[in-house]
Amino acid sequence: MRVSILGAGVIGLTSAYYLAKQGVSVTVIDRQPGVALEASFANAGQVSPGYSAPWAAPGVPLKAVKWLFQKYAPLKISPELEGKKIAWLSKMLANCTQKAYNTNKSRMMALAEYSRDCFIDLRQELGIRYDDGQGGTMQLFRSDEQVAGAIKDIKVLEALGVPHEVLTPEQILLTEPGLAPTIHKFKGALRLTGDETGDCLMFCEALKKECDALGVEFKFNTSIDRLVVEHNKVTAVETLEAGRIDCDQLLVCLGSYSKEMLKAVGLDVPIYPVKGYSLTVPISNPQCAPTSTIMDETYKVAVTRLGDRIRAAGTAELAGYNFDLPKARTDTIAHVVGDVFPQGADLTLAEYWTGLRPMTPDGTPIIGATSIQGLYLNTGHGTLGWTMSCGSAAVIADILLGKQTAIDTSDLAIKRYAH
């Protein structure tokens, strides 16, 4: 069986590995010169199953209005009246009910928990390192209102059996002593002890070597022109540089670029490119830096330790396919690092990056078969592509091979949007 995979980010690469190790002939096609050079390049560094939750939640519409007038806001919406943006926002708002939130969060966490277990197995099997750590994620609350608001999430964690701790300010310092100078700013925290950290780019570069050893063929610097569909069956990919590449099955892992590629063959996937920002800076004082990941609930910014570096990421901007780095946006993540760990790093040395996160309106990725024979999807992971990558890859590999999946996948395919 010949499988072509479109996209060499962490989703496409892990999918290639899980297929190739089961004997499948795999070709990966990407326009970039190497792996993980788009949304996977400098993400937050979190493998956070415990923090896997949809953005669409009760109360979010009201919060979004307030954020529009906040200097360091976690969400920005460009003023252009773009039809795709308006359509996606309307679908997201429809998911801002308690019932939808509970459903979406439960299935997202099931996939993310499975993915974290796959990460553990992969490390044991291959011995790869990627500045990884297993110190958990700590969600920091600056107000009593935030502490009270976490109750509904804690109930979901308890129902799913996800390990967690509710911490007082004094208990916070036992895990994150670098917060000592600023602990007076926080009322409490929720710590997700099963979460992990790691550099996604380093992981992908290491996993590519494993894929090479398994015989995976990579076609870099290759732009995809169109999908060839004959009699409702995908048969090939037309590329600008390598011509026609025939396949028995085709897996689309193009992130934010999946929508337009699939639209050309009559499939409408509700994915919108939500722009995110990150900074990476060397640690100057290890005692005043994070030990793992903290998530500042007020600004929705994650600050993660990756070896001798700090990676901070956050801000969601709905601005289409835009890669500008405006100071007004990068200031938000720099502000959080400076406000929470003021002695941990010299922010004048920070390197900034932006990427497009493929968001679905319900927060859940789209994984599975389509109405076109031989065409499969593994896309729409939003901010959780790194977290869900290994689990998503294991699931889609089983689906392509006709095997029983380890978790329930009935609500992951594109058909859930049919209504």
# chains A, B, ... in the order shown; residues from 1 in each chain; ligands from 1

call {"tool": "residues_around", "arguments": {"residues": "range 120-131 of chain A", "least_positions_apart": "6", "cutoff": "8 Å", "atoms": "only C-alpha atoms", "output": "PDB file with N, CA and C atoms, in the first residue's frame"}}
result
ATOM      1  N   THR A 197       6.564  18.621  28.683  1.00  0.00           N
ATOM      2  CA  THR A 197       7.084  19.733  27.882  1.00  0.00           C
ATOM      3  C   THR A 197       8.124  19.189  26.915  1.00  0.00           C
ATOM      4  N   GLY A 198       8.439  19.989  25.896  1.00  0.00           N
ATOM      5  CA  GLY A 198       9.473  19.584  24.949  1.00  0.00           C
ATOM      6  C   GLY A 198       9.497  20.475  23.727  1.00  0.00           C
ATOM      7  N   ASP A 199      10.632  20.472  23.052  1.00  0.00           N
ATOM      8  CA  ASP A 199      10.824  21.281  21.849  1.00  0.00           C
ATOM      9  C   ASP A 199      10.318  20.490  20.645  1.00  0.00           C
ATOM     10  N   CYS A 200       9.245  20.972  20.039  1.00  0.00           N
ATOM     11  CA  CYS A 200       8.609  20.259  18.925  1.00  0.00           C
ATOM     12  C   CYS A 200       9.546  20.134  17.726  1.00  0.00           C
ATOM     13  N   MET A 202      12.871  20.033  17.701  1.00  0.00           N
ATOM     14  CA  MET A 202      13.887  19.018  18.014  1.00  0.00           C
ATOM     15  C   MET A 202      13.304  17.610  17.895  1.00  0.00           C
ATOM     16  N   PHE A 203      12.075  17.448  18.367  1.00  0.00           N
ATOM     17  CA  PHE A 203      11.399  16.154  18.275  1.00  0.00           C
ATOM     18  C   PHE A 203      11.244  15.730  16.819  1.00  0.00           C
ATOM     19  N   ALA A 206      14.479  14.686  15.162  1.00  0.00           N
ATOM     20  CA  ALA A 206      14.895  13.355  15.605  1.00  0.00           C
ATOM     21  C   ALA A 206      14.014  12.269  14.991  1.00  0.00           C
ATOM     22  N   LEU A 207      12.701  12.526  14.919  1.00  0.00           N
ATOM     23  CA  LEU A 207      11.786  11.514  14.385  1.00  0.00           C
ATOM     24  C   LEU A 207      11.984  11.328  12.881  1.00  0.00           C
ATOM     25  N   LEU A 306      12.512  25.052  28.371  1.00  0.00           N
ATOM     26  CA  LEU A 306      13.038  24.078  27.422  1.00  0.00           C
ATOM     27  C   LEU A 306      14.558  24.058  27.579  1.00  0.00           C
ATOM     28  N   GLY A 307      15.048  23.201  28.432  1.00  0.00           N
ATOM     29  CA  GLY A 307      16.481  23.151  28.685  1.00  0.00           C
ATOM     30  C   GLY A 307      16.972  24.443  29.310  1.00  0.00           C
TER      31      GLY A 307
END

call {"tool": "select_by_dssp", "arguments": {"residues": "range 146-230 of chain A", "states": "helix (DSSP H, G or I)", "output": "PDB file with N, CA and C atoms, in the first residue's frame"}}
result
ATOM      1  N   GLN A 146     -11.270  33.772  39.091  1.00  0.00           N
ATOM      2  CA  GLN A 146     -10.662  32.720  38.285  1.00  0.00           C
ATOM      3  C   GLN A 146     -10.581  31.409  39.057  1.00  0.00           C
ATOM      4  N   VAL A 147     -10.283  31.495  40.343  1.00  0.00           N
ATOM      5  CA  VAL A 147     -10.244  30.294  41.179  1.00  0.00           C
ATOM      6  C   VAL A 147     -11.615  29.617  41.187  1.00  0.00           C
ATOM      7  N   ALA A 148     -12.650  30.411  41.372  1.00  0.00           N
ATOM      8  CA  ALA A 148     -14.008  29.862  41.382  1.00  0.00           C
ATOM      9  C   ALA A 148     -14.406  29.320  40.018  1.00  0.00           C
ATOM     10  N   GLY A 149     -13.963  30.006  38.963  1.00  0.00           N
ATOM     11  CA  GLY A 149     -14.314  29.586  37.604  1.00  0.00           C
ATOM     12  C   GLY A 149     -13.682  28.275  37.189  1.00  0.00           C
ATOM     13  N   ILE A 151     -13.752  25.583  38.816  1.00  0.00           N
ATOM     14  CA  ILE A 151     -14.473  24.453  39.396  1.00  0.00           C
ATOM     15  C   ILE A 151     -15.046  23.533  38.326  1.00  0.00           C
ATOM     16  N   LYS A 152     -15.609  24.109  37.256  1.00  0.00           N
ATOM     17  CA  LYS A 152     -16.209  23.260  36.221  1.00  0.00           C
ATOM     18  C   LYS A 152     -15.157  22.424  35.506  1.00  0.00           C
ATOM     19  N   ASP A 153     -13.961  22.994  35.311  1.00  0.00           N
ATOM     20  CA  ASP A 153     -12.895  22.221  34.689  1.00  0.00           C
ATOM     21  C   ASP A 153     -12.412  21.110  35.610  1.00  0.00           C
ATOM     22  N   ILE A 154     -12.355  21.401  36.902  1.00  0.00           N
ATOM     23  CA  ILE A 154     -11.913  20.399  37.869  1.00  0.00           C
ATOM     24  C   ILE A 154     -12.893  19.219  37.895  1.00  0.00           C
ATOM     25  N   LYS A 155     -14.178  19.513  37.763  1.00  0.00           N
ATOM     26  CA  LYS A 155     -15.182  18.448  37.740  1.00  0.00           C
ATOM     27  C   LYS A 155     -14.987  17.531  36.539  1.00  0.00           C
ATOM     28  N   VAL A 156     -14.649  18.127  35.377  1.00  0.00           N
ATOM     29  CA  VAL A 156     -14.387  17.315  34.184  1.00  0.00           C
ATOM     30  C   VAL A 156     -13.134  16.475  34.387  1.00  0.00           C
ATOM     31  N   LEU A 157     -12.094  17.074  34.971  1.00  0.00           N
ATOM     32  CA  LEU A 157     -10.861  16.332  35.246  1.00  0.00           C
ATOM     33  C   LEU A 157     -11.136  15.150  36.165  1.00  0.00           C
ATOM     34  N   GLU A 158     -11.943  15.380  37.188  1.00  0.00           N
ATOM     35  CA  GLU A 158     -12.280  14.309  38.130  1.00  0.00           C
ATOM     36  C   GLU A 158     -13.074  13.200  37.436  1.00  0.00           C
ATOM     37  N   ALA A 159     -14.014  13.611  36.589  1.00  0.00           N
ATOM     38  CA  ALA A 159     -14.842  12.620  35.894  1.00  0.00           C
ATOM     39  C   ALA A 159     -14.014  11.747  34.956  1.00  0.00           C
ATOM     40  N   LEU A 160     -12.959  12.347  34.359  1.00  0.00           N
ATOM     41  CA  LEU A 160     -12.113  11.608  33.420  1.00  0.00           C
ATOM     42  C   LEU A 160     -10.923  10.944  34.102  1.00  0.00           C
ATOM     43  N   PRO A 169      -1.191  29.659  47.200  1.00  0.00           N
ATOM     44  CA  PRO A 169       0.064  30.336  46.841  1.00  0.00           C
ATOM     45  C   PRO A 169       1.289  29.706  47.503  1.00  0.00           C
ATOM     46  N   GLU A 170       1.156  29.293  48.751  1.00  0.00           N
ATOM     47  CA  GLU A 170       2.294  28.676  49.435  1.00  0.00           C
ATOM     48  C   GLU A 170       2.681  27.351  48.778  1.00  0.00           C
ATOM     49  N   GLN A 171       1.688  26.587  48.363  1.00  0.00           N
ATOM     50  CA  GLN A 171       1.957  25.296  47.724  1.00  0.00           C
ATOM     51  C   GLN A 171       2.525  25.467  46.317  1.00  0.00           C
ATOM     52  N   ILE A 172       2.163  26.560  45.651  1.00  0.00           N
ATOM     53  CA  ILE A 172       2.698  26.837  44.319  1.00  0.00           C
ATOM     54  C   ILE A 172       4.222  26.845  44.339  1.00  0.00           C
ATOM     55  N   LEU A 173       4.797  27.468  45.355  1.00  0.00           N
ATOM     56  CA  LEU A 173       6.247  27.641  45.428  1.00  0.00           C
ATOM     57  C   LEU A 173       6.991  26.331  45.636  1.00  0.00           C
ATOM     58  N   LEU A 174       6.326  25.302  46.109  1.00  0.00           N
ATOM     59  CA  LEU A 174       6.979  24.006  46.272  1.00  0.00           C
ATOM     60  C   LEU A 174       7.319  23.386  44.923  1.00  0.00           C
ATOM     61  N   THR A 175       6.518  23.720  43.900  1.00  0.00           N
ATOM     62  CA  THR A 175       6.754  23.201  42.553  1.00  0.00           C
ATOM     63  C   THR A 175       7.485  24.206  41.677  1.00  0.00           C
ATOM     64  N   PRO A 177       9.528  27.285  42.500  1.00  0.00           N
ATOM     65  CA  PRO A 177      10.161  28.246  43.417  1.00  0.00           C
ATOM     66  C   PRO A 177      10.585  29.544  42.746  1.00  0.00           C
ATOM     67  N   GLY A 178      10.748  29.531  41.425  1.00  0.00           N
ATOM     68  CA  GLY A 178      11.126  30.748  40.710  1.00  0.00           C
ATOM     69  C   GLY A 178      10.063  31.828  40.749  1.00  0.00           C
ATOM     70  N   LEU A 179       8.856  31.472  41.226  1.00  0.00           N
ATOM     71  CA  LEU A 179       7.766  32.452  41.335  1.00  0.00           C
ATOM     72  C   LEU A 179       7.816  33.237  42.647  1.00  0.00           C
ATOM     73  N   ALA A 180       8.790  32.957  43.487  1.00  0.00           N
ATOM     74  CA  ALA A 180       8.846  33.599  44.806  1.00  0.00           C
ATOM     75  C   ALA A 180       8.757  35.127  44.742  1.00  0.00           C
ATOM     76  N   PRO A 181       9.479  35.795  43.826  1.00  0.00           N
ATOM     77  CA  PRO A 181       9.411  37.266  43.796  1.00  0.00           C
ATOM     78  C   PRO A 181       8.043  37.819  43.402  1.00  0.00           C
ATOM     79  N   THR A 182       7.200  37.000  42.760  1.00  0.00           N
ATOM     80  CA  THR A 182       5.917  37.508  42.242  1.00  0.00           C
ATOM     81  C   THR A 182       4.712  36.744  42.776  1.00  0.00           C
ATOM     82  N   ILE A 183       4.894  35.882  43.766  1.00  0.00           N
ATOM     83  CA  ILE A 183       3.812  35.031  44.233  1.00  0.00           C
ATOM     84  C   ILE A 183       2.653  35.842  44.804  1.00  0.00           C
ATOM     85  N   HIS A 184       2.908  37.061  45.246  1.00  0.00           N
ATOM     86  CA  HIS A 184       1.836  37.898  45.803  1.00  0.00           C
ATOM     87  C   HIS A 184       0.789  38.268  44.753  1.00  0.00           C
ATOM     88  N   LYS A 185       1.088  38.055  43.483  1.00  0.00           N
ATOM     89  CA  LYS A 185       0.150  38.404  42.414  1.00  0.00           C
ATOM     90  C   LYS A 185      -0.892  37.313  42.165  1.00  0.00           C
ATOM     91  N   CYS A 200       9.245  20.972  20.039  1.00  0.00           N
ATOM     92  CA  CYS A 200       8.609  20.259  18.925  1.00  0.00           C
ATOM     93  C   CYS A 200       9.546  20.134  17.726  1.00  0.00           C
ATOM     94  N   LEU A 201      10.290  21.174  17.412  1.00  0.00           N
ATOM     95  CA  LEU A 201      11.212  21.132  16.279  1.00  0.00           C
ATOM     96  C   LEU A 201      12.284  20.059  16.503  1.00  0.00           C
ATOM     97  N   MET A 202      12.871  20.033  17.701  1.00  0.00           N
ATOM     98  CA  MET A 202      13.887  19.018  18.014  1.00  0.00           C
ATOM     99  C   MET A 202      13.304  17.610  17.895  1.00  0.00           C
ATOM    100  N   PHE A 203      12.075  17.448  18.367  1.00  0.00           N
ATOM    101  CA  PHE A 203      11.399  16.154  18.275  1.00  0.00           C
ATOM    102  C   PHE A 203      11.244  15.730  16.819  1.00  0.00           C
ATOM    103  N   CYS A 204      10.777  16.647  15.994  1.00  0.00           N
ATOM    104  CA  CYS A 204      10.539  16.332  14.578  1.00  0.00           C
ATOM    105  C   CYS A 204      11.841  16.000  13.852  1.00  0.00           C
ATOM    106  N   GLU A 205      12.885  16.737  14.147  1.00  0.00           N
ATOM    107  CA  GLU A 205      14.169  16.455  13.502  1.00  0.00           C
ATOM    108  C   GLU A 205      14.681  15.066  13.891  1.00  0.00           C
ATOM    109  N   ALA A 206      14.479  14.686  15.162  1.00  0.00           N
ATOM    110  CA  ALA A 206      14.895  13.355  15.605  1.00  0.00           C
ATOM    111  C   ALA A 206      14.014  12.269  14.991  1.00  0.00           C
ATOM    112  N   LEU A 207      12.701  12.526  14.919  1.00  0.00           N
ATOM    113  CA  LEU A 207      11.786  11.514  14.385  1.00  0.00           C
ATOM    114  C   LEU A 207      11.984  11.328  12.881  1.00  0.00           C
ATOM    115  N   LYS A 208      12.389  12.381  12.189  1.00  0.00           N
ATOM    116  CA  LYS A 208      12.648  12.231  10.750  1.00  0.00           C
ATOM    117  C   LYS A 208      13.739  11.191  10.501  1.00  0.00           C
ATOM    118  N   LYS A 209      14.759  11.165  11.352  1.00  0.00           N
ATOM    119  CA  LYS A 209      15.824  10.177  11.192  1.00  0.00           C
ATOM    120  C   LYS A 209      15.272   8.762  11.337  1.00  0.00           C
ATOM    121  N   GLU A 210      14.327   8.599  12.258  1.00  0.00           N
ATOM    122  CA  GLU A 210      13.691   7.292  12.420  1.00  0.00           C
ATOM    123  C   GLU A 210      12.863   6.943  11.186  1.00  0.00           C
ATOM    124  N   CYS A 211      12.186   7.946  10.627  1.00  0.00           N
ATOM    125  CA  CYS A 211      11.398   7.733   9.409  1.00  0.00           C
ATOM    126  C   CYS A 211      12.306   7.370   8.233  1.00  0.00           C
ATOM    127  N   ASP A 212      13.444   8.043   8.144  1.00  0.00           N
ATOM    128  CA  ASP A 212      14.408   7.721   7.080  1.00  0.00           C
ATOM    129  C   ASP A 212      14.824   6.256   7.171  1.00  0.00           C
ATOM    130  N   ALA A 213      15.082   5.800   8.397  1.00  0.00           N
ATOM    131  CA  ALA A 213      15.519   4.418   8.599  1.00  0.00           C
ATOM    132  C   ALA A 213      14.430   3.420   8.221  1.00  0.00           C
TER     133      ALA A 213
END

call {"tool": "residues_around", "arguments": {"residues": "Ala312 in chain A", "least_positions_apart": "3", "cutoff": "8 Å", "atoms": "only C-alpha atoms", "output": "MDAnalysis selection string"}}
result
chainID A and resid 44 278:280 301:304 333:334 337

call {"tool": "residues_around", "arguments": {"residues": "range 47-58 of chain A", "least_positions_apart": "2", "cutoff": "8 Å", "atoms": "only C-alpha atoms", "output": "number ranges by chain"}}
result
A: 45, 60-61, 92-93, 95-98, 100-101, 104-105, 108-109, 112-113, 115-116, 136-137, 157, 162, 192, 194-198, 361-364, 384, 386-388

call {"tool": "write_last_selection", "arguments": {"atoms": "N, CA and C atoms", "output": "tab-separated table (two decimals), in the first residue's frame"}}
result
chain	number	residue	atom	x	y	z
A	45	GLY	N	5.61	24.58	23.41
A	45	GLY	CA	6.42	23.55	24.05
A	45	GLY	C	5.66	22.67	25.02
A	60	VAL	N	-17.42	32.85	27.17
A	60	VAL	CA	-16.37	33.35	26.27
A	60	VAL	C	-16.84	34.56	25.43
A	61	PRO	N	-18.06	34.57	24.90
A	61	PRO	CA	-18.47	35.74	24.12
A	61	PRO	C	-18.35	37.05	24.90
A	92	MET	N	-18.32	28.84	16.01
A	92	MET	CA	-17.69	28.75	17.32
A	92	MET	C	-18.66	29.21	18.41
A	93	LEU	N	-19.37	30.31	18.17
A	93	LEU	CA	-20.32	30.82	19.14
A	93	LEU	C	-21.42	29.81	19.42
A	95	ASN	N	-21.05	26.79	19.70
A	95	ASN	CA	-20.50	25.78	20.60
A	95	ASN	C	-20.25	26.31	22.01
A	96	CYS	N	-20.63	27.55	22.27
A	96	CYS	CA	-20.39	28.15	23.59
A	96	CYS	C	-21.50	27.85	24.58
A	97	THR	N	-21.96	26.62	24.58
A	97	THR	CA	-22.95	26.18	25.55
A	97	THR	C	-22.30	25.18	26.50
A	98	GLN	N	-22.86	25.00	27.68
A	98	GLN	CA	-22.27	24.06	28.63
A	98	GLN	C	-22.28	22.64	28.10
A	100	ALA	N	-22.24	21.61	24.89
A	100	ALA	CA	-21.23	21.45	23.84
A	100	ALA	C	-19.83	21.46	24.42
A	101	TYR	N	-19.60	22.34	25.41
A	101	TYR	CA	-18.28	22.42	26.04
A	101	TYR	C	-17.91	21.09	26.69
A	104	ASN	N	-17.18	18.48	23.90
A	104	ASN	CA	-15.95	18.75	23.17
A	104	ASN	C	-14.71	18.54	24.05
A	105	LYS	N	-14.79	19.01	25.29
A	105	LYS	CA	-13.64	18.85	26.18
A	105	LYS	C	-13.36	17.38	26.47
A	108	MET	N	-11.70	15.78	23.42
A	108	MET	CA	-10.36	16.33	23.23
A	108	MET	C	-9.39	15.75	24.26
A	109	MET	N	-9.84	15.66	25.50
A	109	MET	CA	-8.96	15.15	26.55
A	109	MET	C	-8.69	13.66	26.37
A	112	ALA	N	-6.00	13.55	23.81
A	112	ALA	CA	-4.76	14.11	24.33
A	112	ALA	C	-4.11	13.19	25.36
A	113	GLU	N	-4.90	12.57	26.23
A	113	GLU	CA	-4.36	11.64	27.22
A	113	GLU	C	-3.73	10.43	26.51
A	115	SER	N	-2.53	10.44	23.55
A	115	SER	CA	-1.33	10.94	22.87
A	115	SER	C	-0.15	11.03	23.83
A	116	ARG	N	-0.40	11.52	25.05
A	116	ARG	CA	0.68	11.60	26.03
A	116	ARG	C	1.25	10.20	26.33
A	136	GLY	N	4.73	18.69	34.48
A	136	GLY	CA	3.35	19.15	34.58
A	136	GLY	C	3.15	20.58	34.11
A	137	THR	N	1.89	21.01	34.13
A	137	THR	CA	1.49	22.37	33.78
A	137	THR	C	0.76	23.00	34.96
A	157	LEU	N	-12.09	17.07	34.97
A	157	LEU	CA	-10.86	16.33	35.25
A	157	LEU	C	-11.14	15.15	36.16
A	162	VAL	N	-8.30	12.44	35.45
A	162	VAL	CA	-7.05	13.12	35.12
A	162	VAL	C	-6.38	13.61	36.40
A	192	LEU	N	-1.65	20.39	36.64
A	192	LEU	CA	-1.95	19.16	35.91
A	192	LEU	C	-0.68	18.33	35.86
A	194	GLY	N	0.22	15.35	35.03
A	194	GLY	CA	0.57	14.42	33.96
A	194	GLY	C	1.06	15.08	32.69
A	195	ASP	N	1.06	16.40	32.63
A	195	ASP	CA	1.49	17.11	31.42
A	195	ASP	C	3.00	17.08	31.26
A	196	GLU	N	3.45	17.28	30.02
A	196	GLU	CA	4.85	17.24	29.70
A	196	GLU	C	5.25	18.49	28.92
A	197	THR	N	6.56	18.62	28.68
A	197	THR	CA	7.08	19.73	27.88
A	197	THR	C	8.12	19.19	26.91
A	198	GLY	N	8.44	19.99	25.90
A	198	GLY	CA	9.47	19.58	24.95
A	198	GLY	C	9.50	20.48	23.73
A	361	PRO	N	-14.19	25.06	14.95
A	361	PRO	CA	-15.08	25.82	15.86
A	361	PRO	C	-15.41	25.08	17.14
A	362	ASP	N	-15.29	23.75	17.15
A	362	ASP	CA	-15.57	23.00	18.37
A	362	ASP	C	-14.29	22.58	19.10
A	363	GLY	N	-13.13	22.97	18.56
A	363	GLY	CA	-11.86	22.70	19.22
A	363	GLY	C	-11.27	21.34	18.94
A	364	THR	N	-12.07	20.40	18.45
A	364	THR	CA	-11.63	19.03	18.22
A	364	THR	C	-11.03	18.89	16.83
A	384	LEU	N	-3.20	22.60	19.87
A	384	LEU	CA	-2.87	21.33	20.52
A	384	LEU	C	-2.25	20.31	19.57
A	386	TRP	N	0.92	19.75	18.89
A	386	TRP	CA	2.05	19.12	19.57
A	386	TRP	C	1.53	18.14	20.62
A	387	THR	N	0.55	18.56	21.39
A	387	THR	CA	-0.02	17.70	22.43
A	387	THR	C	-0.65	16.45	21.85
A	388	MET	N	-1.41	16.59	20.77
A	388	MET	CA	-2.20	15.48	20.24
A	388	MET	C	-1.51	14.71	19.13

call {"tool": "residues_around", "arguments": {"residues": "Gly355 in chain A", "least_positions_apart": "2", "cutoff": "7 Å", "atoms": "only C-alpha atoms", "output": "PyMOL selection string"}}
result
chain A and resi 38-39+275-277+353+357

call {"tool": "atom_distance", "arguments": {"atom1": "CA of Gly368 in chain A", "atom2": "CA of Pro33 in chain A"}}
result
27.6 Å

call {"tool": "select_by_dssp", "arguments": {"residues": "range 351-386 of chain A", "states": "strand (DSSP E)", "output": "VMD selection string"}}
result
chain A and resid 351 to 359 366 to 369 375 to 379

call {"tool": "write_last_selection", "arguments": {"atoms": "N, CA and C atoms", "output": "mmCIF file, in the first residue's frame"}}
result
data_model
loop_
_atom_site.group_PDB
_atom_site.id
_atom_site.type_symbol
_atom_site.label_atom_id
_atom_site.label_comp_id
_atom_site.auth_asym_id
_atom_site.auth_seq_id
_atom_site.Cartn_x
_atom_site.Cartn_y
_atom_site.Cartn_z
ATOM 1 N N GLU A 351 13.916 36.153 20.853
ATOM 2 C CA GLU A 351 13.620 35.983 19.432
ATOM 3 C C GLU A 351 12.126 35.699 19.296
ATOM 4 N N TYR A 352 11.460 36.422 18.389
ATOM 5 C CA TYR A 352 10.013 36.314 18.246
ATOM 6 C C TYR A 352 9.640 35.538 16.979
ATOM 7 N N TRP A 353 8.469 34.909 17.055
ATOM 8 C CA TRP A 353 7.989 34.069 15.939
ATOM 9 C C TRP A 353 6.473 34.106 15.926
ATOM 10 N N THR A 354 5.895 33.874 14.752
ATOM 11 C CA THR A 354 4.440 33.747 14.652
ATOM 12 C C THR A 354 4.088 32.581 13.747
ATOM 13 N N GLY A 355 2.976 31.943 14.039
ATOM 14 C CA GLY A 355 2.522 30.814 13.229
ATOM 15 C C GLY A 355 1.008 30.747 13.218
ATOM 16 N N LEU A 356 0.477 29.986 12.265
ATOM 17 C CA LEU A 356 -0.976 29.869 12.093
ATOM 18 C C LEU A 356 -1.458 28.527 12.630
ATOM 19 N N ARG A 357 -2.385 28.591 13.578
ATOM 20 C CA ARG A 357 -2.893 27.380 14.214
ATOM 21 C C ARG A 357 -4.254 27.025 13.606
ATOM 22 N N PRO A 358 -4.398 25.817 13.086
ATOM 23 C CA PRO A 358 -5.636 25.435 12.380
ATOM 24 C C PRO A 358 -6.756 25.081 13.359
ATOM 25 N N MET A 359 -7.640 26.025 13.590
ATOM 26 C CA MET A 359 -8.685 25.848 14.604
ATOM 27 C C MET A 359 -9.999 25.394 13.978
ATOM 28 N N ILE A 366 -9.909 17.112 13.202
ATOM 29 C CA ILE A 366 -10.652 16.297 12.239
ATOM 30 C C ILE A 366 -9.745 15.143 11.823
ATOM 31 N N ILE A 367 -10.109 13.937 12.252
ATOM 32 C CA ILE A 367 -9.279 12.760 12.024
ATOM 33 C C ILE A 367 -10.150 11.635 11.498
ATOM 34 N N GLY A 368 -9.811 11.130 10.310
ATOM 35 C CA GLY A 368 -10.558 9.990 9.794
ATOM 36 C C GLY A 368 -10.802 10.063 8.304
ATOM 37 N N ALA A 369 -11.701 9.204 7.854
ATOM 38 C CA ALA A 369 -12.022 9.101 6.431
ATOM 39 C C ALA A 369 -12.923 10.248 5.989
ATOM 40 N N LEU A 375 -9.245 9.089 0.670
ATOM 41 C CA LEU A 375 -8.811 10.397 1.166
ATOM 42 C C LEU A 375 -9.113 10.504 2.658
ATOM 43 N N TYR A 376 -8.080 10.758 3.436
ATOM 44 C CA TYR A 376 -8.195 10.818 4.892
ATOM 45 C C TYR A 376 -7.641 12.148 5.409
ATOM 46 N N LEU A 377 -8.096 12.523 6.610
ATOM 47 C CA LEU A 377 -7.686 13.794 7.205
ATOM 48 C C LEU A 377 -7.077 13.584 8.588
ATOM 49 N N ASN A 378 -6.076 14.380 8.886
ATOM 50 C CA ASN A 378 -5.512 14.478 10.238
ATOM 51 C C ASN A 378 -5.097 15.941 10.375
ATOM 52 N N THR A 379 -6.035 16.773 10.754
ATOM 53 C CA THR A 379 -5.810 18.215 10.701
ATOM 54 C C THR A 379 -6.758 18.924 11.671
#

call {"tool": "residues_around", "arguments": {"residues": "Asp225 in chain A", "least_positions_apart": "4", "cutoff": "12 Å", "atoms": "only C-alpha atoms", "output": "JSON, numbers by chain"}}
result
{"A": [6, 29, 30, 31, 236, 237, 238, 239, 240, 241, 242, 243, 244, 245, 260, 261, 262, 264]}

call {"tool": "write_last_selection", "arguments": {"atoms": "C-alpha atoms", "output": "tab-separated table (two decimals), in the first residue's frame"}}
result
chain	number	residue	atom	x	y	z
A	6	LEU	CA	0.66	16.14	2.61
A	29	ILE	CA	5.29	16.03	0.51
A	30	ASP	CA	5.99	19.55	1.78
A	31	ARG	CA	6.74	22.93	0.23
A	236	ALA	CA	-2.64	11.01	-7.06
A	237	VAL	CA	-1.25	14.38	-6.10
A	238	GLU	CA	-0.15	16.86	-8.74
A	239	THR	CA	2.88	18.91	-7.69
A	240	LEU	CA	4.63	21.80	-9.38
A	241	GLU	CA	8.17	20.49	-8.93
A	242	ALA	CA	7.81	16.68	-8.94
A	243	GLY	CA	4.83	16.25	-11.25
A	244	ARG	CA	2.24	13.57	-10.55
A	245	ILE	CA	2.72	11.34	-7.49
A	260	GLU	CA	-8.52	25.46	0.49
A	261	MET	CA	-6.90	22.23	-0.71
A	262	LEU	CA	-9.97	20.22	0.25
A	264	ALA	CA	-11.14	22.13	-4.54

call {"tool": "residues_around", "arguments": {"residues": "Val265 in chain A", "least_positions_apart": "3", "cutoff": "12 Å", "atoms": "only C-alpha atoms", "output": "ChimeraX atom specification"}}
result
/A:226-234,258-262,268-269,370-373,375

call {"tool": "atom_distance", "arguments": {"atom1": "CA of Asn285 in chain A", "atom2": "CA of Val340 in chain A"}}
result
13.6 Å

call {"tool": "closest_residue", "arguments": {"among": "A:Gly380, A:Gly34, A:Gly133, A:Gly83", "to": "Thr293 in chain A", "atoms": "only C-alpha atoms"}}
result
A:Gly133

call {"tool": "closest_residue", "arguments": {"among": "A:Tyr114, A:Tyr17, A:Phe218, A:Trp88", "to": "Val35 in chain A", "atoms": "only C-alpha atoms"}}
result
A:Phe218

call {"tool": "closest_residue", "arguments": {"among": "A:Gly9, A:Val28, A:Leu62, A:Gln139", "to": "Phe220 in chain A", "atoms": "only C-alpha atoms"}}
result
A:Val28

call {"tool": "atom_distance", "arguments": {"atom1": "CA of Ser40 in chain A", "atom2": "CA of Val10 in chain A"}}
result
6.1 Å

call {"tool": "closest_residue", "arguments": {"among": "A:Ala16, A:Val281, A:Met1, A:Met295", "to": "Gln46 in chain A", "atoms": "only C-alpha atoms"}}
result
A:Met295
